[in-house]
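Chemist: I'm passing along model00.tsv; it holds TSV, C-alpha atoms.
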chain	number	residue	atom	x	y	z
Q	733	MET	CA	0.00	0.00	0.00
Q	734	LYS	CA	3.06	2.20	-0.46
Q	735	LYS	CA	1.32	4.62	-2.87
Q	736	GLY	CA	-2.08	4.72	-1.17
Q	737	VAL	CA	-3.75	2.02	-3.27
Q	738	MET	CA	-5.52	0.05	-0.52
Q	739	ARG	CA	-7.41	-2.98	-1.82
Q	740	PRO	CA	-9.53	-4.47	-4.63
Q	741	GLY	CA	-12.77	-2.52	-4.81
Q	742	HIS	CA	-14.91	-3.85	-7.61
Q	743	VAL	CA	-15.01	-5.65	-10.94
Q	744	GLN	CA	-17.46	-4.99	-13.78
Q	745	ILE	CA	-18.25	-8.19	-15.68
Q	746	ARG	CA	-20.07	-8.39	-19.02
Q	747	VAL	CA	-22.78	-11.06	-19.30
Q	748	LEU	CA	-24.90	-12.21	-22.24
Q	749	ASP	CA	-28.11	-12.70	-20.23
Q	750	MET	CA	-28.68	-10.84	-16.96
Q	751	GLU	CA	-31.36	-13.18	-15.62
Q	752	ALA	CA	-29.12	-16.22	-16.08
Q	753	ALA	CA	-26.15	-14.31	-14.66
Q	754	LEU	CA	-28.03	-13.43	-11.47
Q	755	LYS	CA	-28.84	-17.12	-10.92
Q	756	HIS	CA	-25.08	-17.74	-11.04
Q	757	TYR	CA	-23.77	-14.82	-8.99
Q	758	VAL	CA	-26.64	-14.58	-6.47
Q	759	ASP	CA	-28.28	-18.01	-6.17
Q	760	LEU	CA	-25.16	-20.14	-6.71
Q	761	LEU	CA	-22.19	-18.01	-5.61
Q	762	GLY	CA	-24.17	-16.33	-2.86
Q	763	LEU	CA	-23.57	-12.64	-3.57
Q	764	ILE	CA	-26.22	-10.17	-2.46
Q	765	GLU	CA	-27.98	-7.86	-4.92
Q	766	THR	CA	-27.68	-4.31	-3.58
Q	767	ASP	CA	-28.86	-2.08	-6.43
Q	768	SER	CA	-29.32	-1.58	-10.16
Q	769	ASP	CA	-29.10	1.48	-12.40
Q	770	GLU	CA	-30.85	3.09	-15.38
Q	771	SER	CA	-28.48	1.44	-17.84
Q	772	GLY	CA	-29.48	-2.00	-16.52
Q	773	ARG	CA	-26.33	-2.74	-14.57
Q	774	VAL	CA	-26.83	-4.81	-11.41
Q	775	TYR	CA	-24.71	-4.24	-8.28
Q	776	LEU	CA	-23.71	-7.10	-5.97
Q	777	LYS	CA	-21.61	-7.62	-2.86
Q	778	ALA	CA	-20.40	-10.46	-0.68
Q	779	TRP	CA	-21.65	-10.45	2.88
Q	780	SER	CA	-18.43	-9.56	4.74
Q	781	GLU	CA	-17.64	-6.52	2.58
Q	782	VAL	CA	-18.28	-3.12	4.13
Q	783	ASP	CA	-18.96	-1.08	0.97
Q	784	LYS	CA	-22.14	-1.19	-1.10
Q	785	PHE	CA	-20.91	-3.30	-4.01
Q	786	SER	CA	-17.92	-5.22	-5.33
Q	787	VAL	CA	-19.33	-6.83	-8.49
Q	788	VAL	CA	-21.19	-4.98	-11.23
Q	789	LEU	CA	-22.85	-7.00	-14.00
Q	790	ARG	CA	-23.49	-5.40	-17.39
Q	791	GLU	CA	-25.45	-7.10	-20.17
Q	792	ALA	CA	-23.53	-7.04	-23.46
Q	793	ASP	CA	-22.96	-8.92	-26.73
Q	794	GLU	CA	-19.52	-10.14	-25.64
Q	795	PRO	CA	-18.71	-11.51	-22.18
Q	796	GLY	CA	-15.52	-10.53	-20.36
Q	797	CYS	CA	-14.33	-7.90	-17.91
Q	798	ASP	CA	-14.91	-4.16	-18.44
Q	799	PHE	CA	-12.60	-3.10	-15.61
Q	800	MET	CA	-11.27	-3.90	-12.15
Q	801	ALA	CA	-11.04	-1.14	-9.56
Q	802	PHE	CA	-8.91	-0.53	-6.50
Q	803	LYS	CA	-9.83	1.66	-3.56
Q	804	VAL	CA	-7.37	4.41	-2.63
Q	805	VAL	CA	-6.92	5.70	0.93
Q	806	ASP	CA	-7.65	9.38	0.28
Q	807	GLU	CA	-8.10	12.12	-2.31
Q	808	ASP	CA	-4.52	13.43	-2.01
Q	809	SER	CA	-3.19	9.97	-2.85
Q	810	LEU	CA	-5.59	9.68	-5.79
Q	811	ILE	CA	-4.40	13.04	-7.17
Q	812	GLN	CA	-0.74	11.98	-6.82
Q	813	LEU	CA	-1.45	8.56	-8.37
Q	814	GLU	CA	-3.05	10.22	-11.39
Q	815	LYS	CA	0.06	12.38	-11.88
Q	816	ASP	CA	2.28	9.30	-11.58
Q	817	ILE	CA	0.18	7.28	-14.05
Q	818	VAL	CA	0.28	10.10	-16.60
Q	819	GLU	CA	4.03	10.50	-16.09
Q	820	PHE	CA	4.38	6.74	-16.63
Q	821	GLY	CA	2.87	7.37	-20.06
Q	822	LEU	CA	-0.72	6.18	-19.78
Q	823	THR	CA	-3.85	8.11	-20.65
Q	824	VAL	CA	-6.20	8.72	-17.74
Q	825	THR	CA	-9.97	9.02	-18.19
Q	826	HIS	CA	-12.22	10.60	-15.54
Q	827	LEU	CA	-15.59	9.21	-14.51
Q	828	ALA	CA	-17.80	11.48	-12.45
Q	829	GLU	CA	-19.20	10.72	-9.02
Q	830	GLY	CA	-22.42	8.74	-9.43
Q	831	ASP	CA	-21.46	7.13	-12.77
Q	832	LEU	CA	-21.48	3.99	-10.66
Q	833	LYS	CA	-24.24	4.40	-8.08
Q	834	ASP	CA	-23.07	5.54	-4.65
Q	835	CYS	CA	-19.45	5.60	-5.82
Q	836	GLY	CA	-17.26	8.68	-5.93
Q	837	ARG	CA	-15.22	9.87	-8.89
Q	838	ARG	CA	-13.04	7.26	-10.56
Q	839	ILE	CA	-10.01	7.44	-12.81
Q	840	GLN	CA	-9.46	4.82	-15.51
Q	841	PHE	CA	-6.39	3.71	-17.42
Q	842	THR	CA	-5.36	0.72	-19.53
Q	843	SER	CA	-2.29	-1.37	-18.73
Q	844	ALA	CA	0.14	-2.56	-21.42
Q	845	SER	CA	-1.48	-5.98	-21.04
Q	846	GLY	CA	-4.67	-4.45	-22.44
Q	847	HIS	CA	-6.78	-4.37	-19.28
Q	848	CYS	CA	-8.75	-1.41	-17.95
Q	849	PHE	CA	-8.24	-0.50	-14.29
Q	850	GLU	CA	-9.82	2.09	-12.03
Q	851	LEU	CA	-8.92	3.94	-8.85
Q	852	TYR	CA	-11.41	5.66	-6.52
Q	853	THR	CA	-11.58	6.74	-2.91
Q	854	ASP	CA	-15.26	6.86	-1.95
Q	855	LYS	CA	-18.06	4.32	-2.01
Q	856	LYS	CA	-21.11	4.18	0.24
Q	857	TYR	CA	-20.27	2.33	3.45
Q	858	THR	CA	-23.16	-0.02	4.13
Q	859	GLY	CA	-21.38	-2.31	6.60
Q	860	LYS	CA	-21.26	-6.08	6.62
Q	861	TRP	CA	-24.52	-7.48	5.28
Q	862	GLY	CA	-26.93	-8.82	7.88
Q	863	LEU	CA	-24.73	-8.07	10.91
Q	864	ASN	CA	-24.89	-5.40	13.56
Q	865	GLU	CA	-21.90	-3.07	13.60
Q	866	VAL	CA	-21.66	-3.45	17.38
Q	867	ASN	CA	-21.55	-6.93	18.92
Q	868	PRO	CA	-21.73	-8.61	15.50
Q	869	GLU	CA	-22.68	-12.27	15.27
Q	870	ALA	CA	-20.32	-14.72	13.52
Q	871	TRP	CA	-22.15	-14.68	10.18
Q	872	PRO	CA	-25.52	-13.60	8.83
Q	873	ARG	CA	-28.35	-16.04	8.32
Q	874	GLY	CA	-30.15	-16.26	5.00
Q	875	LEU	CA	-27.10	-16.46	2.73
Q	876	LYS	CA	-27.54	-18.36	-0.54
Q	877	GLY	CA	-25.52	-21.00	-2.36
Q	878	MET	CA	-21.77	-20.98	-1.72
Q	879	ARG	CA	-22.10	-18.05	0.72
Q	880	ALA	CA	-19.11	-16.20	-0.78
Q	881	VAL	CA	-17.29	-14.22	1.91
Q	882	ARG	CA	-15.60	-11.56	-0.24
Q	883	PHE	CA	-14.50	-10.65	-3.76
Q	884	ASP	CA	-10.79	-11.39	-3.54
Q	885	HIS	CA	-8.86	-10.95	-6.82
Q	886	CYS	CA	-8.89	-11.30	-10.60
Q	887	LEU	CA	-6.54	-13.15	-12.95
Q	888	PHE	CA	-6.00	-11.52	-16.33
Q	889	TYR	CA	-4.37	-12.94	-19.47
Q	890	GLY	CA	-2.38	-10.66	-21.73
Q	891	ASP	CA	1.05	-9.78	-23.06
Q	892	ALA	CA	3.56	-7.11	-21.95
Q	893	LEU	CA	3.93	-8.59	-18.48
Q	894	ALA	CA	7.15	-6.67	-17.75
Q	895	GLU	CA	5.56	-3.27	-18.50
Q	896	THR	CA	2.48	-4.25	-16.49
Q	897	HIS	CA	4.69	-5.31	-13.55
Q	898	ASP	CA	6.40	-1.93	-13.75
Q	899	LEU	CA	3.03	-0.13	-13.62
Q	900	PHE	CA	1.69	-2.13	-10.69
Q	901	VAL	CA	4.87	-2.22	-8.61
Q	902	ASN	CA	6.54	1.13	-9.30
Q	903	VAL	CA	3.52	3.34	-9.91
Q	904	LEU	CA	0.65	1.75	-7.98
Q	905	GLY	CA	2.67	0.35	-5.04
Q	906	PHE	CA	1.93	-3.37	-5.32
Q	907	TYR	CA	4.66	-5.93	-4.56
Q	908	LEU	CA	5.47	-9.15	-6.40
Q	909	SER	CA	4.35	-12.05	-4.19
Q	910	GLU	CA	4.71	-15.04	-6.52
Q	911	GLN	CA	5.99	-15.63	-10.04
Q	912	VAL	CA	6.56	-18.27	-12.71
Q	913	VAL	CA	9.83	-17.87	-14.61
Q	914	ASP	CA	10.86	-19.55	-17.88
Q	915	PRO	CA	14.39	-20.95	-18.53
Q	916	GLU	CA	15.45	-17.63	-20.11
Q	917	GLY	CA	14.44	-15.79	-16.94
Q	918	ASN	CA	11.28	-14.22	-18.36
Q	919	ARG	CA	8.32	-13.94	-16.07
Q	920	ILE	CA	5.28	-15.70	-17.56
Q	921	ALA	CA	3.06	-15.31	-14.50
Q	922	GLN	CA	3.05	-12.57	-11.87
Q	923	PHE	CA	1.01	-12.44	-8.69
Q	924	LEU	CA	0.84	-8.98	-7.15
Q	925	SER	CA	-0.38	-7.91	-3.74
Q	926	LEU	CA	-1.11	-4.81	-1.67
Q	927	SER	CA	-1.56	-6.69	1.56
Q	928	THR	CA	-0.53	-9.85	3.40
Q	929	LYS	CA	-2.70	-11.79	0.92
Q	930	ALA	CA	-0.94	-14.00	-1.63
Q	931	HIS	CA	-2.45	-11.90	-4.42
Q	932	ASP	CA	-4.81	-9.02	-5.03
Q	933	ILE	CA	-4.35	-9.36	-8.80
Q	934	ALA	CA	-2.52	-11.75	-11.11
Q	935	PHE	CA	-1.40	-11.82	-14.75
Q	936	ILE	CA	-0.45	-14.75	-16.97
Q	937	LYS	CA	1.30	-14.27	-20.31
Q	938	HIS	CA	-0.98	-14.73	-23.31
Q	939	GLU	CA	-0.68	-13.70	-26.96
Q	940	GLU	CA	-3.91	-11.71	-27.02
Q	941	LYS	CA	-4.25	-8.57	-24.91
Q	942	GLY	CA	-7.04	-7.79	-22.50
Q	943	LYS	CA	-8.43	-11.24	-21.75
Q	944	PHE	CA	-10.28	-12.16	-18.55
Q	945	HIS	CA	-9.42	-15.47	-16.91
Q	946	HIS	CA	-11.44	-15.33	-13.69
Q	947	ALA	CA	-12.84	-13.38	-10.77
Q	948	SER	CA	-12.18	-15.07	-7.45
Q	949	PHE	CA	-14.17	-15.16	-4.24
Q	950	PHE	CA	-13.00	-16.23	-0.80
Q	951	LEU	CA	-14.54	-19.08	1.21
Q	952	GLU	CA	-13.40	-20.04	4.68
Q	953	SER	CA	-12.50	-23.72	4.47
Q	954	TRP	CA	-11.82	-26.81	2.39
Q	955	GLU	CA	-15.22	-28.06	3.53
Q	956	ASP	CA	-16.77	-24.95	1.95
Q	957	ILE	CA	-14.92	-25.71	-1.34
Q	958	LEU	CA	-16.30	-29.26	-1.31
Q	959	ARG	CA	-19.77	-27.88	-0.61
Q	960	ALA	CA	-19.32	-25.46	-3.54
Q	961	ALA	CA	-18.43	-28.43	-5.75
Q	962	ASP	CA	-21.63	-30.17	-4.63
Q	963	LEU	CA	-23.65	-27.09	-5.56
Q	964	ILE	CA	-21.91	-26.94	-8.96
Q	965	SER	CA	-23.07	-30.49	-9.64
Q	966	MET	CA	-26.56	-29.93	-8.22
Q	967	THR	CA	-27.05	-27.01	-10.60
Q	968	ASP	CA	-25.33	-28.73	-13.56
Q	969	THR	CA	-22.96	-25.75	-13.82
Q	970	PRO	CA	-20.01	-26.15	-16.23
Q	971	ILE	CA	-16.89	-26.93	-14.21
Q	972	ASP	CA	-13.29	-26.22	-15.18
Q	973	ILE	CA	-11.27	-28.08	-12.54
Q	974	GLY	CA	-11.33	-28.96	-8.87
Q	975	PRO	CA	-11.72	-29.24	-6.01
Q	976	THR	CA	-7.92	-29.18	-5.84
Q	977	ARG	CA	-5.01	-27.10	-4.57
Q	978	HIS	CA	-2.79	-24.59	-6.37
Q	979	GLY	CA	0.99	-24.81	-6.09
Q	980	LEU	CA	1.13	-21.04	-6.58
Q	981	THR	CA	-0.31	-19.47	-3.38
Q	982	HIS	CA	-1.20	-23.01	-2.13
Q	983	GLY	CA	-4.87	-22.00	-2.08
Q	984	LYS	CA	-7.57	-24.68	-2.15
Q	985	THR	CA	-9.75	-24.05	-5.16
Q	986	ILE	CA	-12.48	-24.89	-7.62
Q	987	TYR	CA	-13.15	-23.21	-10.99
Q	988	PHE	CA	-16.47	-23.06	-12.80
Q	989	PHE	CA	-18.14	-20.95	-15.47
Q	990	ASP	CA	-20.97	-18.43	-15.38
Q	991	PRO	CA	-23.72	-18.80	-18.04
Q	992	SER	CA	-21.81	-16.42	-20.35
Q	993	GLY	CA	-18.54	-18.35	-20.13
Q	994	ASN	CA	-16.77	-16.08	-17.65
Q	995	ARG	CA	-14.77	-18.18	-15.21
Q	996	THR	CA	-15.44	-17.94	-11.46
Q	997	GLU	CA	-13.15	-19.25	-8.72
Q	998	VAL	CA	-13.94	-19.90	-5.09
Q	999	PHE	CA	-10.93	-20.64	-2.92
Q	1000	ALA	CA	-9.89	-21.06	0.71
Q	1001	GLY	CA	-6.62	-20.67	2.57
Q	1002	GLY	CA	-3.43	-19.73	0.81
Q	1003	ASP	CA	-0.08	-18.31	1.79
Q	1004	TYR	CA	0.57	-14.95	3.49
Q	1005	ASN	CA	3.36	-12.40	3.11
Q	1006	TYR	CA	5.05	-9.68	5.12
Q	1007	PRO	CA	7.38	-7.06	3.66
Q	1008	ASP	CA	10.48	-9.10	4.57
Q	1009	HIS	CA	9.28	-12.08	2.47
Q	1010	LYS	CA	10.94	-12.78	-0.85
Q	1011	PRO	CA	8.72	-13.53	-3.87
Q	1012	VAL	CA	7.88	-17.23	-4.27
Q	1013	THR	CA	9.23	-18.56	-7.57
Q	1014	TRP	CA	7.99	-21.50	-9.65
Q	1015	LYS	CA	9.76	-22.58	-12.83
Q	1016	THR	CA	7.90	-23.26	-16.09
Q	1017	GLU	CA	9.21	-26.85	-16.07
Q	1018	GLU	CA	6.92	-27.36	-13.05
Q	1019	LEU	CA	4.03	-25.26	-14.39
Q	1020	GLY	CA	1.54	-28.12	-14.09
Q	1021	LYS	CA	2.30	-28.52	-10.39
Q	1022	ALA	CA	2.39	-24.74	-9.92
Q	1023	ILE	CA	-1.15	-24.37	-11.20
Q	1024	PHE	CA	-2.73	-27.69	-10.11
Q	1025	TYR	CA	-0.72	-29.13	-7.24
Q	1026	HIS	CA	-2.37	-32.58	-7.19
Q	1027	ASP	CA	-2.82	-33.46	-10.89
Q	1028	ARG	CA	0.55	-31.83	-11.66
Q	1029	VAL	CA	-0.69	-31.40	-15.23
Q	1030	LEU	CA	-2.26	-28.32	-16.74
Q	1031	ASN	CA	-5.64	-28.86	-18.29
Q	1032	GLU	CA	-5.84	-27.28	-21.73
Q	1033	LYS	CA	-8.86	-25.23	-20.68
Q	1034	PHE	CA	-6.93	-23.30	-18.04
Q	1035	LEU	CA	-4.58	-21.91	-20.70
Q	1036	THR	CA	-6.97	-21.41	-23.60
Q	1037	VAL	CA	-10.47	-20.68	-22.30
Q	1038	VAL	CA	-10.85	-16.97	-21.55
Q	1039	THR	CA	-13.37	-14.22	-22.24
P	1278	MET	CA	-39.06	-36.33	-26.45
P	1279	ARG	CA	-37.58	-36.01	-29.92
P	1280	VAL	CA	-33.92	-36.74	-30.54
P	1281	PHE	CA	-31.76	-35.80	-33.51
P	1282	ASN	CA	-28.58	-37.19	-35.02
P	1283	ILE	CA	-25.61	-34.84	-35.03
P	1284	THR	CA	-22.92	-35.85	-37.53
P	1285	ASP	CA	-19.44	-34.37	-37.56
P	1286	LYS	CA	-18.39	-34.28	-41.21
P	1287	THR	CA	-14.66	-34.36	-40.46
P	1288	SER	CA	-14.50	-37.34	-38.09
P	1289	GLU	CA	-17.65	-39.00	-39.52
P	1290	GLN	CA	-18.89	-39.57	-35.96
P	1291	THR	CA	-22.57	-39.29	-35.09
P	1292	PHE	CA	-24.15	-38.73	-31.68
P	1293	VAL	CA	-27.69	-38.27	-30.47
P	1294	CYS	CA	-28.90	-34.92	-29.13
P	1295	ARG	CA	-32.20	-34.38	-27.33
P	1296	GLU	CA	-34.42	-31.59	-28.66
P	1297	ASN	CA	-33.85	-29.37	-25.61
P	1298	GLU	CA	-30.17	-30.12	-25.26
P	1299	TYR	CA	-27.19	-28.10	-26.42
P	1300	VAL	CA	-25.19	-29.94	-29.09
P	1301	LEU	CA	-21.92	-29.75	-27.13
P	1302	TYR	CA	-23.54	-31.06	-23.95
P	1303	ALA	CA	-24.99	-34.03	-25.90
P	1304	MET	CA	-21.59	-34.77	-27.41
P	1305	GLN	CA	-20.00	-34.82	-23.96
P	1306	ARG	CA	-22.84	-36.90	-22.46
P	1307	THR	CA	-22.52	-39.53	-25.19
P	1308	GLY	CA	-18.74	-39.80	-24.82
P	1309	ILE	CA	-17.83	-38.38	-28.24
P	1310	ALA	CA	-14.95	-35.91	-28.56
P	1311	CYS	CA	-15.17	-34.37	-32.02
P	1312	ILE	CA	-15.63	-30.72	-30.87
P	1313	PRO	CA	-13.28	-29.06	-28.33
P	1314	ILE	CA	-14.97	-28.13	-25.04
P	1315	GLY	CA	-14.45	-24.70	-23.49
P	1316	CYS	CA	-16.58	-22.62	-21.14
P	1317	LYS	CA	-19.90	-24.18	-22.23
P	1318	GLY	CA	-21.48	-20.74	-21.92
P	1319	GLY	CA	-21.09	-19.10	-25.33
P	1320	GLY	CA	-18.15	-16.98	-24.20
P	1321	CYS	CA	-14.77	-18.41	-25.13
P	1322	GLY	CA	-15.33	-19.52	-28.74
P	1323	VAL	CA	-13.46	-22.82	-28.43
P	1324	CYS	CA	-16.41	-24.94	-29.70
P	1325	ARG	CA	-17.12	-22.85	-32.83
P	1326	ILE	CA	-18.75	-24.91	-35.59
P	1327	ASN	CA	-20.19	-24.53	-39.06
P	1328	ILE	CA	-23.66	-25.99	-39.50
P	1329	ILE	CA	-23.56	-27.56	-42.95
P	1330	ALA	CA	-27.08	-28.99	-42.93
P	1331	GLY	CA	-30.05	-28.80	-40.59
P	1332	LYS	CA	-31.97	-26.31	-38.45
P	1333	VAL	CA	-31.11	-25.08	-34.96
P	1334	ASP	CA	-32.21	-22.68	-32.22
P	1335	PHE	CA	-29.51	-20.30	-31.01
P	1336	GLY	CA	-28.84	-19.29	-27.41
P	1337	PRO	CA	-26.83	-16.18	-26.53
P	1338	MET	CA	-23.25	-16.34	-27.89
P	1339	SER	CA	-20.36	-13.88	-27.79
P	1340	LYS	CA	-20.33	-11.73	-30.93
P	1341	ALA	CA	-16.55	-11.67	-30.59
P	1342	HIS	CA	-16.64	-15.25	-31.88
P	1343	VAL	CA	-19.81	-15.38	-34.00
P	1344	SER	CA	-20.90	-12.11	-35.60
P	1345	ASP	CA	-24.48	-11.63	-36.82
P	1346	GLU	CA	-23.24	-12.07	-40.38
P	1347	GLN	CA	-21.40	-15.30	-39.53
P	1348	ARG	CA	-24.46	-16.63	-37.71
P	1349	LYS	CA	-26.56	-16.09	-40.85
P	1350	ASN	CA	-23.94	-18.11	-42.73
P	1351	GLY	CA	-24.27	-21.10	-40.40
P	1352	TYR	CA	-21.53	-20.45	-37.85
P	1353	ALA	CA	-22.29	-21.00	-34.18
P	1354	LEU	CA	-20.88	-22.11	-30.84
P	1355	ALA	CA	-21.86	-25.75	-30.25
P	1356	CYS	CA	-22.53	-25.03	-26.56
P	1357	ARG	CA	-25.31	-22.60	-27.52
P	1358	VAL	CA	-27.23	-24.40	-30.29
P	1359	LYS	CA	-30.12	-26.82	-29.86
P	1360	PRO	CA	-31.13	-28.96	-32.85
P	1361	ARG	CA	-34.48	-28.68	-34.61
P	1362	SER	CA	-33.56	-31.38	-37.13
P	1363	HIS	CA	-30.74	-33.83	-37.80
P	1364	LEU	CA	-27.53	-31.83	-38.24
P	1365	VAL	CA	-24.31	-32.11	-40.18
P	1366	ILE	CA	-21.58	-29.95	-38.68
P	1367	GLU	CA	-17.84	-29.33	-38.82
P	1368	CYS	CA	-15.47	-27.59	-36.42
P	1369	ALA	CA	-14.72	-24.01	-37.46
P	1370	PRO	CA	-12.36	-22.44	-34.94
P	1371	ASN	CA	-11.73	-18.81	-35.72
P	1372	LEU	CA	-8.15	-17.60	-35.89
P	1373	LYS	CA	-8.35	-15.72	-32.62
P	1374	ALA	CA	-9.58	-18.79	-30.71
P	1375	ARG	CA	-7.07	-21.10	-32.39
P	1376	ASN	CA	-4.12	-18.90	-31.50
P	1377	LYS	CA	-4.97	-18.76	-27.81
Give the structure from the file, written as C-alpha cells.
Modeler:
Amino acid sequence: MKKGVMRPGHVQIRVLDMEAALKHYVDLLGLIETDSDESGRVYLKAWSEVDKFSVVLREADEPGCDFMAFKVVDEDSLIQLEKDIVEFGLTVTHLAEGDLKDCGRRIQFTSASGHCFELYTDKKYTGKWGLNEVNPEAWPRGLKGMRAVRFDHCLFYGDALAETHDLFVNVLGFYLSEQVVDPEGNRIAQFLSLSTKAHDIAFIKHEEKGKFHHASFFLESWEDILRAADLISMTDTPIDIGPTRHGLTHGKTIYFFDPSGNRTEVFAGGDYNYPDHKPVTWKTEELGKAIFYHDRVLNEKFLTVVT
Amino acid sequence: MRVFNITDKTSEQTFVCRENEYVLYAMQRTGIACIPIGCKGGGCGVCRINIIAGKVDFGPMSKAHVSDEQRKNGYALACRVKPRSHLVIECAPNLKARNK
C-alpha cells in the first residue's frame, strides 16, 4: 500500500443474459444484490464486505471484464497517483461521481497488457450485510448457495507482463508475491499484492491482450470448497477443474463458469506475506504442479479458455 | 421427447442430441470428442462450428466469436445451439480462438 492504493474494490463483468447471470452470482455463488441502475447494470456484494458493491454486472454482446477497480486511501493519494500514471505514459480518463451508483469519482487507465483498471476513494459504506456493527454475530443467516465471503482478486491474461509489472509495482505500489519464470528468466506469470494476501491481482502471459481469466471469491474452508463443488453439480454448472489445490499461493480451489462463459473461482486458505518475504518462484518446467498441485498437469482449458 | 442425429463431417462420428439439449452437452454426455470443449457458456469460442445442414435454435453467444453475419452463414458455438432437425456440422475455430 506504499502509494495509497488500498485494496480491490470492484469488478465490472459483461454477461450475455442478466437473468441467467443473477442465478449464477446470487443463487449459486451467494452474492447479495444491492442495487441496479438506469443502464441496466446490477450491483452485488459479498456479505463480509463493508462497501455497497464489489461486483457490477453489465449485459452485453460479448462476455468478459470491463474493468477492475482498487480503492485508494484518500483524495490526495488519488491526485498523486493520477500524476504518476500520466508520467508513466498512460492516458487517464475521468468518470464522475455517481457514474457507478453511490461511488465517488473514478479514474481509468489501460495497462500494457490491455486491461482497464480504475482507482477511486469513496463508495457508500453499508457495513457487513446482515450483521450489527456493534456486537456482531459470527455470520448472517439467509445467505444463498456458496455463501461467498468476499470478492478477492482477478486473474487476467495478456502480453507485456514486464511493463504491467512496472506499472503495478513502481507506480501503484503493489509488490510481487509469486511468479513463474521460464528458462530464459522471463516472467510468464506474476502475482501482485497490496496486503498480506498471496495476491490481489494476477497476470499470466498470453498472446492476445485484455483477456479475462477469472474473478475469485473467498470461502473459509476446504469443507466450503467441497460444498461449492456439490452445488456446482446440483445445478449442472459447467466446471473447469477442482476441487484441488494450487501450487502457486497453495490455495484450495475450484473453478467453474458463469452462463456467459466467464470463469469464477472460489478458494480457501493460501499463503501470506510480510514485507520481509521474498517472492515465491515456480519454474515453467513445473508449471503443471504450480497451477494444479495434485494433478501436476495443466488442463488445456486453463490456458486457452478466456473471455 | 424427440432426438436428432448430429454428424461431424470431419470425423464422420454421429451422436444423439435431445431436442432441448445443447449440441456440445450431448456430445460430452454420449462420450464423443469431435468438438473441443471450453466454457460451455457461449463466451470463449473454443467450440465454434459450421452448421452444414439442418436447423437449430440459437442461445446467446459472444459476438466476438460469431458475428451476426457469420451466424446467418451457419456459424455458431456448439454449446449454444439446440437442434431442430438432424444436423451435419464441422469444427470451425476462428483464428483468434485457435491462437490462444
Chemist: Can you pull out every residue within 9 Å of Lys1286 of chain P, counting all atoms listed in the file, but drop anything in the same chain fewer than 3 positions away, and send it as a PDB file with C-alpha atoms, keeping the file's coordinate frame?
Modeler:
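Output saved as selection.pdb:
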ATOM      1  CA  GLU P1289     -17.650 -39.000 -39.520  1.00  0.00           C
ATOM      2  CA  GLN P1290     -18.890 -39.570 -35.960  1.00  0.00           C
ATOM      3  CA  THR P1291     -22.570 -39.290 -35.090  1.00  0.00           C
ATOM      4  CA  ILE P1329     -23.560 -27.560 -42.950  1.00  0.00           C
ATOM      5  CA  VAL P1365     -24.310 -32.110 -40.180  1.00  0.00           C
ATOM      6  CA  ILE P1366     -21.580 -29.950 -38.680  1.00  0.00           C
ATOM      7  CA  GLU P1367     -17.840 -29.330 -38.820  1.00  0.00           C
ATOM      8  CA  CYS P1368     -15.470 -27.590 -36.420  1.00  0.00           C
TER       9      CYS P1368
END
Chemist: For segment 1310-1327 of chain P, I'd like the enclosing box, axis-aligned and padded by 4 Å on every side, reported as lines of an AutoDock Vina configuration file with centre and edge lengths in Å to one decimal.
Modeler:
center_x = -17.4
center_y = -26.4
center_z = -30.1
size_x = 16.2
size_y = 26.9
size_z = 25.9
Chemist: Using all atoms listed in the file and a cut-off of 8 Å, which residues of chain Q sit close to chain P? Please list them as JSON, numbers by chain.
Modeler: {"Q": [748, 749, 793, 794, 795, 796, 938, 939, 940, 970, 972, 989, 990, 991, 992, 993, 994, 995, 1033, 1035, 1036, 1037, 1038, 1039]}
Chemist: Under the rule that all atoms listed in the file are counted, which of Q:Asp968, Q:Asp806, Q:Glu997, Q:Asp769 is the nearest residue to Met738 of chain Q?
Modeler: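 For Met738 of chain Q, the nearest of the given residues is Q:Asp806.
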Chemist: Could you tell me how far atom CA of Leu810 of chain Q lies from atom CA of Gln840 of chain Q, in Å and to one decimal?
Modeler: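 For atom CA of Leu810 of chain Q relative to atom CA of Gln840 of chain Q, the distance reads 11.5 Å.
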Chemist: At what distance in Å, to one decimal, does atom CA of Asp767 of chain Q lie from atom CA of Leu813 of chain Q?
Modeler: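 Distance reported for this atom pair: 29.5 Å.
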Chemist: My list of candidates is Q:Glu781, Q:Asp831, Q:Glu819, Q:Glu895. Which is closest to Gly862 of chain Q when distances are computed with only C-alpha atoms?
Modeler: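 Selected residue with least distance to Gly862 of chain Q: Q:Glu781.
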Chemist: Could you give me, as a PyMOL selection string, the residues that sit within 8 Å of (-24.0, -12.9, -2.3) in the file's coordinates, counting only C-alpha atoms?
Modeler: chain Q and resi 757-759+761-765+776-779+875-876+879-880
Chemist: Create the file for the chosen residues now, containing C-alpha atoms and written as a short mmCIF file (atom, residue, chain, number, x, y, z; two decimals), keeping the file's coordinate frame.
Modeler:
data_model
loop_
_atom_site.label_atom_id
_atom_site.label_comp_id
_atom_site.auth_asym_id
_atom_site.auth_seq_id
_atom_site.Cartn_x
_atom_site.Cartn_y
_atom_site.Cartn_z
CA TYR Q 757 -23.77 -14.82 -8.99
CA VAL Q 758 -26.64 -14.58 -6.47
CA ASP Q 759 -28.28 -18.01 -6.17
CA LEU Q 761 -22.19 -18.01 -5.61
CA GLY Q 762 -24.17 -16.33 -2.86
CA LEU Q 763 -23.57 -12.64 -3.57
CA ILE Q 764 -26.22 -10.17 -2.46
CA GLU Q 765 -27.98 -7.86 -4.92
CA LEU Q 776 -23.71 -7.10 -5.97
CA LYS Q 777 -21.61 -7.62 -2.86
CA ALA Q 778 -20.40 -10.46 -0.68
CA TRP Q 779 -21.65 -10.45 2.88
CA LEU Q 875 -27.10 -16.46 2.73
CA LYS Q 876 -27.54 -18.36 -0.54
CA ARG Q 879 -22.10 -18.05 0.72
CA ALA Q 880 -19.11 -16.20 -0.78
#
Chemist: Would you kindly return, as a ChimeraX atom specification, each protein, DNA or RNA residue with an atom no farther than 7 Å from any atom of Leu924 of chain Q, considering all atoms listed in the file and excluding same-chain residues fewer than 4 positions away?
Modeler: /Q:906-909,931-934
Chemist: Save out the residues we just selected, C-alpha atoms, as a short mmCIF file (atom, residue, chain, number, x, y, z; two decimals), keeping the file's coordinate frame.
Modeler:
data_model
loop_
_atom_site.label_atom_id
_atom_site.label_comp_id
_atom_site.auth_asym_id
_atom_site.auth_seq_id
_atom_site.Cartn_x
_atom_site.Cartn_y
_atom_site.Cartn_z
CA PHE Q 906 1.93 -3.37 -5.32
CA TYR Q 907 4.66 -5.93 -4.56
CA LEU Q 908 5.47 -9.15 -6.40
CA SER Q 909 4.35 -12.05 -4.19
CA HIS Q 931 -2.45 -11.90 -4.42
CA ASP Q 932 -4.81 -9.02 -5.03
CA ILE Q 933 -4.35 -9.36 -8.80
CA ALA Q 934 -2.52 -11.75 -11.11
#
